[in-house]
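Enquirer: Enclosed is the structure file structure_19.cif (mmCIF, C-alpha atoms).
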data_work
#
loop_
_atom_site.label_atom_id
_atom_site.label_comp_id
_atom_site.auth_asym_id
_atom_site.auth_seq_id
_atom_site.Cartn_x
_atom_site.Cartn_y
_atom_site.Cartn_z
CA MET A 1 47.87 53.85 120.89
CA SER A 2 49.15 53.23 117.40
CA HIS A 3 48.70 55.85 114.72
CA SER A 4 48.38 53.15 112.08
CA GLU A 5 46.86 54.30 108.81
CA PRO A 6 43.85 52.73 107.10
CA SER A 7 44.42 50.17 104.40
CA PRO A 8 44.79 51.68 100.91
CA SER A 9 41.69 49.87 99.61
CA VAL A 10 39.51 51.42 102.28
CA ALA A 11 41.17 54.82 102.26
CA ALA A 12 40.49 55.08 98.55
CA LYS A 13 36.75 55.05 99.27
CA ARG A 14 36.90 58.20 101.35
CA PRO A 15 35.89 61.51 99.81
CA GLU A 16 38.39 64.31 99.65
CA PRO A 17 37.30 67.95 99.46
CA THR A 18 37.77 69.31 95.97
CA ALA A 19 37.80 72.72 94.36
CA SER A 20 34.39 71.95 92.84
CA GLY A 21 32.56 73.32 95.87
CA ILE A 22 30.24 72.00 98.55
CA GLN A 23 29.71 68.24 98.76
CA GLY A 24 26.34 66.60 99.23
CA PRO A 25 23.71 65.61 99.90
CA ALA A 26 24.48 64.20 103.36
CA ILE A 27 22.17 63.43 106.29
CA PHE A 28 22.57 63.57 110.08
CA LEU A 29 21.36 60.21 111.40
CA ALA A 30 20.54 61.25 114.98
CA GLN A 31 16.88 62.06 114.34
CA PHE A 32 16.26 58.89 112.33
CA LEU A 33 17.53 56.17 114.64
CA GLY A 34 14.80 53.84 115.89
CA ASP A 35 14.01 50.41 117.28
CA GLU A 36 12.75 48.96 114.01
CA ALA A 37 14.56 48.08 110.78
CA PRO A 38 16.11 49.69 108.83
CA PHE A 39 16.74 52.34 111.48
CA ASN A 40 18.23 50.13 114.18
CA SER A 41 21.57 49.16 112.61
CA LEU A 42 24.41 50.81 110.74
CA GLU A 43 23.93 48.57 107.70
CA GLY A 44 20.19 49.19 107.58
CA ILE A 45 20.15 52.94 108.12
CA THR A 46 22.99 53.62 105.68
CA ARG A 47 21.24 51.60 102.97
CA TRP A 48 18.08 53.56 103.69
CA ALA A 49 19.99 56.86 103.47
CA ALA A 50 21.48 55.86 100.13
CA SER A 51 18.03 54.88 98.84
CA GLN A 52 16.84 58.41 99.66
CA GLY A 53 19.58 59.94 97.53
CA TYR A 54 22.18 60.77 100.20
CA LYS A 55 25.87 60.31 99.52
CA ALA A 56 27.14 60.64 103.09
CA VAL A 57 25.98 60.20 106.67
CA GLN A 58 26.89 62.29 109.70
CA MET A 59 27.09 59.81 112.55
CA PRO A 60 26.18 60.44 116.19
CA THR A 61 28.54 58.59 118.52
CA GLY A 62 26.28 57.93 121.48
CA ASP A 63 24.56 54.83 120.09
CA ALA A 64 26.53 51.58 119.89
CA ARG A 65 24.27 50.34 117.11
CA LEU A 66 26.09 52.77 114.84
CA ILE A 67 29.57 52.96 116.36
CA ASP A 68 31.44 51.72 119.40
CA LEU A 69 33.38 54.90 120.07
CA GLU A 70 36.00 53.40 122.36
CA ARG A 71 36.69 50.59 119.91
CA ALA A 72 36.86 53.05 117.02
CA ALA A 73 39.45 55.10 118.91
CA GLU A 74 41.66 52.05 119.46
CA SER A 75 41.19 49.81 116.41
CA GLN A 76 42.01 50.71 112.83
CA ASP A 77 40.57 47.41 111.67
CA TYR A 78 37.23 48.25 113.26
CA CYS A 79 37.22 51.69 111.62
CA ASP A 80 37.99 50.10 108.27
CA GLU A 81 34.99 47.82 108.82
CA LEU A 82 32.75 50.83 109.50
CA ILE A 83 33.97 52.52 106.34
CA ALA A 84 33.43 49.35 104.33
CA THR A 85 29.89 48.86 105.68
CA CYS A 86 29.00 52.39 104.63
CA ALA A 87 30.67 51.95 101.24
CA ASP A 88 28.71 48.74 100.63
CA ALA A 89 25.53 50.69 101.33
CA GLY A 90 26.56 53.43 98.92
CA VAL A 91 27.54 56.23 101.32
CA VAL A 92 30.57 57.57 103.16
CA ILE A 93 30.88 59.00 106.66
CA SER A 94 30.97 62.78 106.44
CA GLU A 95 31.65 63.49 110.13
CA LEU A 96 31.16 62.14 113.63
CA SER A 97 29.07 64.01 116.20
CA THR A 98 29.34 64.30 119.98
CA HIS A 99 26.53 66.79 120.49
CA LEU A 100 25.19 65.03 123.58
CA GLN A 101 28.59 64.36 125.14
CA GLY A 102 29.80 67.88 124.40
CA GLN A 103 26.77 69.25 126.19
CA LEU A 104 27.94 67.45 129.34
CA VAL A 105 31.36 69.09 129.36
CA ALA A 106 29.72 72.14 130.92
CA VAL A 107 26.36 71.92 132.72
CA HIS A 108 24.92 74.50 135.09
CA PRO A 109 23.53 72.82 138.24
CA ALA A 110 20.01 74.03 137.34
CA PHE A 111 20.05 71.56 134.44
CA ASP A 112 21.77 68.61 136.15
CA GLU A 113 18.75 66.35 136.35
CA LEU A 114 17.60 67.07 132.80
CA PHE A 115 21.03 66.45 131.26
CA ASP A 116 21.62 63.32 133.32
CA ASP A 117 19.62 61.51 130.64
CA PHE A 118 22.47 62.15 128.19
CA ALA A 119 24.90 60.09 130.29
CA PRO A 120 25.12 56.36 131.12
CA ALA A 121 22.85 55.35 133.98
CA HIS A 122 25.71 54.66 136.41
CA LEU A 123 26.90 58.28 136.14
CA ARG A 124 23.60 59.96 136.82
CA GLY A 125 23.49 62.04 139.96
CA ASN A 126 27.27 62.51 139.88
CA PRO A 127 28.08 65.66 137.85
CA ALA A 128 31.87 65.39 138.33
CA LYS A 129 32.04 61.82 137.01
CA ARG A 130 29.58 62.66 134.24
CA GLN A 131 31.79 65.53 133.09
CA ALA A 132 34.95 63.39 133.20
CA TRP A 133 33.18 60.78 131.09
CA ALA A 134 32.12 63.45 128.58
CA VAL A 135 35.67 64.78 128.25
CA ASP A 136 36.94 61.26 127.64
CA GLN A 137 34.23 60.74 125.00
CA LEU A 138 35.42 63.82 123.12
CA LYS A 139 39.02 62.63 123.19
CA LEU A 140 37.95 59.21 121.95
CA ALA A 141 36.04 60.91 119.15
CA ALA A 142 39.16 62.82 118.11
CA ARG A 143 41.10 59.57 117.73
CA ALA A 144 38.20 57.81 116.01
CA SER A 145 37.81 60.68 113.56
CA ARG A 146 41.46 60.47 112.62
CA ARG A 147 41.25 56.70 112.11
CA LEU A 148 38.19 57.20 109.90
CA GLY A 149 40.05 59.77 107.80
CA LEU A 150 37.81 62.64 108.91
CA LYS A 151 39.07 66.19 109.28
CA VAL A 152 36.18 67.86 111.14
CA HIS A 153 33.96 66.92 114.09
CA ALA A 154 30.61 68.25 115.37
CA THR A 155 29.75 69.06 118.99
CA PHE A 156 28.06 71.43 121.46
CA SER A 157 29.92 73.67 123.90
CA GLY A 158 27.68 73.07 126.88
CA ALA A 159 26.58 75.97 129.06
CA LEU A 160 27.49 77.44 132.41
CA LEU A 161 26.02 80.88 131.73
CA TRP A 162 22.74 80.18 129.95
CA PRO A 163 20.56 80.90 133.05
CA TYR A 164 22.04 84.40 132.97
CA VAL A 165 21.57 85.08 129.26
CA TYR A 166 19.18 87.95 130.03
CA PRO A 167 20.74 90.48 132.42
CA TRP A 168 18.00 90.54 135.05
CA PRO A 169 18.66 90.53 137.86
CA GLN A 170 21.80 92.45 136.98
CA ARG A 171 24.75 90.10 136.55
CA PRO A 172 27.59 90.59 139.04
CA GLU A 173 30.68 92.12 137.49
CA GLY A 174 33.04 89.41 136.30
CA LEU A 175 30.43 86.62 136.17
CA VAL A 176 30.53 86.27 132.39
CA ASP A 177 34.33 86.54 132.31
CA GLU A 178 34.63 83.74 134.87
CA GLY A 179 32.10 81.61 132.98
CA PHE A 180 34.08 81.81 129.76
CA ALA A 181 37.36 81.31 131.57
CA GLU A 182 36.01 78.08 133.05
CA LEU A 183 34.57 76.99 129.71
CA ALA A 184 38.00 77.54 128.16
CA ARG A 185 39.70 75.58 130.95
CA ARG A 186 37.44 72.63 130.21
CA TRP A 187 37.69 72.76 126.45
CA ARG A 188 41.36 73.66 125.95
CA PRO A 189 42.66 70.11 126.68
CA ILE A 190 40.00 68.71 124.35
CA LEU A 191 40.97 71.13 121.59
CA ASP A 192 44.61 70.12 122.09
CA ALA A 193 43.61 66.45 121.78
CA PHE A 194 41.87 67.19 118.48
CA ASP A 195 44.90 69.14 117.33
CA ALA A 196 47.11 66.13 118.05
CA GLU A 197 44.88 64.05 115.77
CA GLY A 198 44.68 66.66 112.99
CA VAL A 199 40.92 67.19 113.37
CA ASP A 200 38.98 70.46 113.67
CA LEU A 201 36.36 70.71 116.43
CA CYS A 202 33.24 72.49 115.16
CA PHE A 203 30.89 73.97 117.74
CA GLU A 204 27.28 74.25 116.64
CA ILE A 205 26.05 77.76 117.39
CA HIS A 206 22.79 76.99 119.18
CA ALA A 207 20.42 78.53 121.71
CA GLY A 208 20.93 76.92 125.12
CA GLU A 209 24.69 76.74 124.60
CA ASP A 210 27.19 79.27 125.87
CA LEU A 211 28.29 79.51 122.23
CA HIS A 212 24.99 80.66 120.73
CA ASP A 213 26.01 83.58 118.50
CA GLY A 214 29.02 85.34 117.03
CA ALA A 215 29.73 87.46 120.09
CA SER A 216 29.80 84.46 122.42
CA PHE A 217 31.97 82.48 119.99
CA GLU A 218 34.44 85.38 119.79
CA ARG A 219 34.59 85.53 123.58
CA PHE A 220 35.31 81.80 123.77
CA LEU A 221 37.89 82.04 120.99
CA ALA A 222 39.75 84.74 122.89
CA ALA A 223 39.66 82.60 126.05
CA VAL A 224 41.31 79.67 124.21
CA ASP A 225 43.91 81.95 122.58
CA ASP A 226 42.40 81.68 119.09
CA HIS A 227 42.95 77.94 119.10
CA PRO A 228 43.27 76.85 115.44
CA ARG A 229 41.04 73.80 115.98
CA ALA A 230 38.11 75.81 117.42
CA ARG A 231 35.74 76.15 114.49
CA LEU A 232 32.04 76.53 113.71
CA LEU A 233 29.16 74.33 112.64
CA PHE A 234 26.92 76.71 110.69
CA ASP A 235 23.18 76.02 110.96
CA PRO A 236 21.05 78.93 109.68
CA SER A 237 17.89 77.77 111.46
CA HIS A 238 19.27 78.89 114.82
CA PHE A 239 20.00 82.33 113.40
CA VAL A 240 16.43 82.70 112.15
CA LEU A 241 15.08 81.85 115.61
CA GLN A 242 17.40 84.45 117.16
CA GLN A 243 16.68 86.98 114.39
CA MET A 244 20.32 87.21 113.38
CA ASP A 245 21.89 87.99 110.00
CA TYR A 246 22.98 84.51 108.90
CA LEU A 247 24.44 85.74 105.59
CA GLY A 248 26.46 88.41 107.35
CA PHE A 249 27.63 85.73 109.77
CA ILE A 250 29.18 83.84 106.84
CA ASP A 251 30.91 87.02 105.67
CA ARG A 252 32.34 87.62 109.15
CA TYR A 253 33.27 84.10 110.22
CA HIS A 254 33.74 82.10 107.00
CA GLN A 255 37.36 81.31 107.85
CA ARG A 256 36.15 79.46 110.97
CA ILE A 257 33.19 77.63 109.39
CA GLY A 258 34.07 73.95 109.12
CA MET A 259 30.65 72.29 108.88
CA PHE A 260 27.18 73.04 107.52
CA HIS A 261 23.79 71.78 108.71
CA VAL A 262 21.07 72.38 106.13
CA LYS A 263 18.02 73.06 108.30
CA ASP A 264 15.11 75.39 107.68
CA ALA A 265 13.15 77.57 110.12
CA GLU A 266 10.62 80.36 110.25
CA PHE A 267 9.93 83.27 112.59
CA GLN A 268 6.47 84.82 112.76
CA PRO A 269 6.18 87.05 115.82
CA SER A 270 2.75 87.87 117.15
CA ALA A 271 1.12 90.06 119.76
CA ARG A 272 1.41 87.13 122.19
CA SER A 273 5.06 86.04 121.89
CA GLY A 274 8.35 86.49 120.07
CA VAL A 275 11.89 85.14 120.31
CA TYR A 276 11.40 83.65 123.78
CA GLY A 277 8.33 81.68 122.70
CA GLY A 278 6.11 82.10 125.76
CA TYR A 279 6.85 78.54 126.99
CA GLN A 280 4.69 77.23 124.15
CA SER A 281 5.17 73.92 122.34
CA TRP A 282 7.16 74.00 119.12
CA VAL A 283 4.10 74.02 116.88
CA ASP A 284 2.77 77.18 118.56
CA ARG A 285 6.01 79.14 118.89
CA PRO A 286 6.73 82.14 116.64
CA GLY A 287 10.08 80.57 115.83
CA ARG A 288 9.77 77.01 114.50
CA PHE A 289 12.07 74.53 112.79
CA ARG A 290 10.72 73.40 109.44
CA SER A 291 11.54 70.89 106.74
CA LEU A 292 13.68 72.13 103.86
CA GLY A 293 11.83 74.57 101.65
CA ASP A 294 8.98 75.13 104.11
CA GLY A 295 10.67 77.87 106.13
CA GLN A 296 12.22 81.27 105.50
CA VAL A 297 15.92 80.48 105.07
CA ASP A 298 17.43 81.74 101.81
CA PHE A 299 19.46 78.65 100.95
CA SER A 300 20.36 79.88 97.45
CA ALA A 301 22.17 82.81 99.05
CA ILE A 302 23.81 80.59 101.68
CA PHE A 303 25.14 78.06 99.15
CA SER A 304 26.38 80.96 97.01
CA LYS A 305 28.22 82.61 99.89
CA LEU A 306 29.77 79.40 101.17
CA THR A 307 30.92 78.57 97.63
CA GLN A 308 32.27 82.11 97.21
CA TYR A 309 34.45 81.62 100.28
CA GLY A 310 35.69 78.19 99.21
CA PHE A 311 33.77 75.97 101.64
CA SER A 312 34.15 72.41 100.36
CA GLY A 313 32.65 70.42 103.24
CA TRP A 314 29.39 68.51 103.29
CA ALA A 315 25.89 69.97 103.13
CA VAL A 316 24.21 67.85 105.82
CA LEU A 317 20.45 67.66 106.26
CA GLU A 318 19.41 67.93 109.89
CA TRP A 319 15.71 67.18 109.97
CA GLU A 320 13.70 68.82 112.73
CA CYS A 321 10.16 69.89 111.87
CA CYS A 322 7.15 70.35 114.11
CA LEU A 323 4.68 69.70 111.27
CA LYS A 324 6.06 67.33 108.65
CA ASP A 325 6.84 63.65 109.16
CA SER A 326 10.50 62.66 109.18
CA ALA A 327 10.08 60.23 106.27
CA GLN A 328 8.75 63.00 104.06
CA GLY A 329 11.40 65.41 105.30
CA ALA A 330 14.18 62.96 104.46
CA ALA A 331 12.75 62.12 101.05
CA GLU A 332 12.47 65.80 100.13
CA GLY A 333 15.81 66.76 101.65
CA ALA A 334 18.24 65.07 99.26
CA PRO A 335 16.84 66.57 96.04
CA PHE A 336 16.50 69.95 97.76
CA ILE A 337 20.19 69.96 98.68
CA ALA A 338 21.21 68.62 95.28
CA ARG A 339 19.38 71.50 93.56
CA HIS A 340 21.34 74.02 95.60
CA LEU A 341 24.82 72.55 95.08
CA ILE A 342 27.00 74.80 92.98
CA GLN A 343 29.65 73.49 90.63
CA LYS A 344 32.30 76.13 91.26
CA ALA A 345 33.25 78.11 88.18
CA THR A 346 36.56 77.15 86.61
CA ARG A 347 36.57 79.91 83.98
CA SER A 348 35.36 83.48 83.82
CA PHE A 349 32.01 84.10 82.11
CA ASP A 350 33.62 86.77 79.88
CA ASP A 351 36.62 84.69 78.81
CA PHE A 352 35.28 84.70 75.26
CA ALA A 353 36.09 88.41 75.06
CA ALA A 354 39.58 88.10 76.50
CA VAL A 355 42.37 90.03 74.77
CA LYS A 356 46.08 89.54 74.86
CA ALA A 357 47.88 91.57 77.48
CA SER A 358 51.41 92.71 78.12
CA PRO A 359 52.97 95.36 80.38
CA GLU A 360 53.85 97.43 77.34
CA ARG A 361 50.31 97.33 75.96
CA ASN A 362 48.81 98.19 79.33
CA ARG A 363 51.02 101.26 79.54
CA ARG A 364 50.00 102.33 76.00
CA ILE A 365 46.30 101.97 76.90
CA LEU A 366 46.84 104.18 79.94
CA GLY A 367 48.67 106.74 77.83
CA LEU A 368 51.91 106.00 79.61
CA ALA A 369 53.93 104.65 76.67
CA ASP A 370 57.57 105.75 76.62
#
I'd like the structure from this file rewritten - as structure tokens, please.

Expert:
Amino acid sequence: MSHSEPSPSVAAKRPEPTASGIQGPAIFLAQFLGDEAPFNSLEGITRWAASQGYKAVQMPTGDARLIDLERAAESQDYCDELIATCADAGVVISELSTHLQGQLVAVHPAFDELFDDFAPAHLRGNPAKRQAWAVDQLKLAARASRRLGLKVHATFSGALLWPYVYPWPQRPEGLVDEGFAELARRWRPILDAFDAEGVDLCFEIHAGEDLHDGASFERFLAAVDDHPRARLLFDPSHFVLQQMDYLGFIDRYHQRIGMFHVKDAEFQPSARSGVYGGYQSWVDRPGRFRSLGDGQVDFSAIFSKLTQYGFSGWAVLEWECCLKDSAQGAAEGAPFIARHLIQKATRSFDDFAAVKASPERNRRILGLAD
């Protein structure tokens, strides 16, 4: 495999993080793919995204209509073509995603049949081959990301321990330790593959995954020896549904946050149900995903904190709403994100009152003059 670099003309079209702050608006295409134009081809859906006001697209890698992942891993010319197609439409690729493939790296047998739908038909019913395929997909994505000039990648951790998330019946001693040890054994070679390509692997913290909060991420991080490529995809909606402090999460883990999904949610507990949702449909659950601005997430505070800590990645709309149509959600999303982008300050607000300083003057002011 050649580590050839993209042509200068194409490379020049790629965005580079700047000191100006968060980039955006961008949109995750997974929820918008469809069988009808413009949503059934890369050219069509990127032109649609640009028409809605988006500057970048986050691209799922499980649909060949958008990207042939194996070809992208092997061919720089093909990657240059993808970049050019997006540029012609008026957008860039912000990141690639292997959410579905990452889920298959670790699947508890209770979920085998359900998650078989995430794999090619010929692998269904064969968990070992399905997992091997998923690992290979992640490694292909690492190489494709590097060829596309991308520095971060989105995925899920998968889950071996999720059936035991609530300790009843009492978990046997060592069960959780062994679960995380096995998760680390599966992910460490993948993390090393991303490291070889110079790409960070960002795990979305999400209910249903073994990495679903800060405590579980810390446990995984310890199991992979604080691997420098193990990072976080921050999505505040999942913190609202778990009733976590999403602003405090940024304070605690900002050095590991590599990606940002802009998704809203609300939590309205009742006498009938709470965090667990009572097996109800999304529209009836106390915790619901909503379109931007319709939920309870304080995005002004989030954009401020991320800017404070120097995050310069993309603000990516992930649309999931149980009430509002996707077309309306997408149309409203770009201006919503644009309103929250912060041009990072380059001068102090009180510079106008600045006075000349010197060590001697400072000592005189403190009464310490010789």

Enquirer: Using Å and a single decimal, report how far CA of Gln58 (chain A) sits from CA of Ala154 (chain A).

Expert: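 CA of Gln58 (chain A) lies 9.0 Å from CA of Ala154 (chain A).
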
Enquirer: When the PyMOL selection byres ((chain A and resi 86) around 12) is applied to the file above, which residues end up in the set, as a ChimeraX atom specification?

Expert: /A:10,13-14,41-50,54-59,66-67,79-85,87-94,148

Enquirer: Expand the PyMOL selection byres ((chain A and resi 219-224) around 10) into the explicit residue set it covers here, and present it as a ChimeraX atom specification.

Expert: /A:157,176-177,179-185,187-189,191,210-211,214-218,225-228,230-231

Enquirer: Can those selected residues be exported to a file as a PDB file, keeping the file's coordinate frame so that it contains C-alpha atoms?

Expert:
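Result written to out21.pdb:
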ATOM      1  CA  SER A 157      29.920  73.670 123.900  1.00  0.00           C
ATOM      2  CA  VAL A 176      30.530  86.270 132.390  1.00  0.00           C
ATOM      3  CA  ASP A 177      34.330  86.540 132.310  1.00  0.00           C
ATOM      4  CA  GLY A 179      32.100  81.610 132.980  1.00  0.00           C
ATOM      5  CA  PHE A 180      34.080  81.810 129.760  1.00  0.00           C
ATOM      6  CA  ALA A 181      37.360  81.310 131.570  1.00  0.00           C
ATOM      7  CA  GLU A 182      36.010  78.080 133.050  1.00  0.00           C
ATOM      8  CA  LEU A 183      34.570  76.990 129.710  1.00  0.00           C
ATOM      9  CA  ALA A 184      38.000  77.540 128.160  1.00  0.00           C
ATOM     10  CA  ARG A 185      39.700  75.580 130.950  1.00  0.00           C
ATOM     11  CA  TRP A 187      37.690  72.760 126.450  1.00  0.00           C
ATOM     12  CA  ARG A 188      41.360  73.660 125.950  1.00  0.00           C
ATOM     13  CA  PRO A 189      42.660  70.110 126.680  1.00  0.00           C
ATOM     14  CA  LEU A 191      40.970  71.130 121.590  1.00  0.00           C
ATOM     15  CA  ASP A 210      27.190  79.270 125.870  1.00  0.00           C
ATOM     16  CA  LEU A 211      28.290  79.510 122.230  1.00  0.00           C
ATOM     17  CA  GLY A 214      29.020  85.340 117.030  1.00  0.00           C
ATOM     18  CA  ALA A 215      29.730  87.460 120.090  1.00  0.00           C
ATOM     19  CA  SER A 216      29.800  84.460 122.420  1.00  0.00           C
ATOM     20  CA  PHE A 217      31.970  82.480 119.990  1.00  0.00           C
ATOM     21  CA  GLU A 218      34.440  85.380 119.790  1.00  0.00           C
ATOM     22  CA  ASP A 225      43.910  81.950 122.580  1.00  0.00           C
ATOM     23  CA  ASP A 226      42.400  81.680 119.090  1.00  0.00           C
ATOM     24  CA  HIS A 227      42.950  77.940 119.100  1.00  0.00           C
ATOM     25  CA  PRO A 228      43.270  76.850 115.440  1.00  0.00           C
ATOM     26  CA  ALA A 230      38.110  75.810 117.420  1.00  0.00           C
ATOM     27  CA  ARG A 231      35.740  76.150 114.490  1.00  0.00           C
TER      28      ARG A 231
END

Enquirer: Need to verify the contact set: Ser145 (chain A), 8 Å, all atoms listed in the file, exclusion of same-chain residues closer than 3 positions in sequence. Can you return it as a VMD selection string?

Expert: chain A and resid 73 95 to 96 141 to 142 148 to 153 199

Enquirer: Pick out the residues sitting within 10 Å of region 234-237 of chain A, and hand them over as a PyMOL selection string; count all atoms listed in the file, and ignore anything fewer than 6 positions along from it in its own chain.

Expert: chain A and resi 202-206+243-247+249-250+253-254+256-267+287-290+295-299+302+316-318+320

Enquirer: Run through the PyMOL selection byres ((chain A and resi 161) around 8) on the given coordinates and return the selected residues as a CSV table (one decimal) with C-alpha atoms, in the frame of the given file.

Expert:
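result_6.csv was written with the following content:
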chain,number,residue,atom,x,y,z
A,108,HIS,CA,24.9,74.5,135.1
A,159,ALA,CA,26.6,76.0,129.1
A,160,LEU,CA,27.5,77.4,132.4
A,162,TRP,CA,22.7,80.2,130.0
A,163,PRO,CA,20.6,80.9,133.0
A,164,TYR,CA,22.0,84.4,133.0
A,165,VAL,CA,21.6,85.1,129.3
A,176,VAL,CA,30.5,86.3,132.4
A,179,GLY,CA,32.1,81.6,133.0
A,210,ASP,CA,27.2,79.3,125.9

Enquirer: Could you check the closest approach to Ala301 (chain A) for each of A:His212, A:His340, A:Arg272, A:Arg124 and tell me which residue wins, using all atoms listed in the file?

Expert: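 Nearest candidate to Ala301 (chain A) out of A:His212, A:His340, A:Arg272, A:Arg124: A:His340.
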
Enquirer: Just how far from CA of Gly158 (chain A) is CA of Ser326 (chain A), in Å to one decimal?

Expert: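 Separation of CA of Ser326 (chain A) and CA of Gly158 (chain A): 26.8 Å.
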
Enquirer: Contacts of Gly313 (chain A) at 6 Å or less, counting all atoms listed in the file, minus same-chain residues fewer than 2 places along, as number ranges by chain?

Expert: A: 22-23, 311
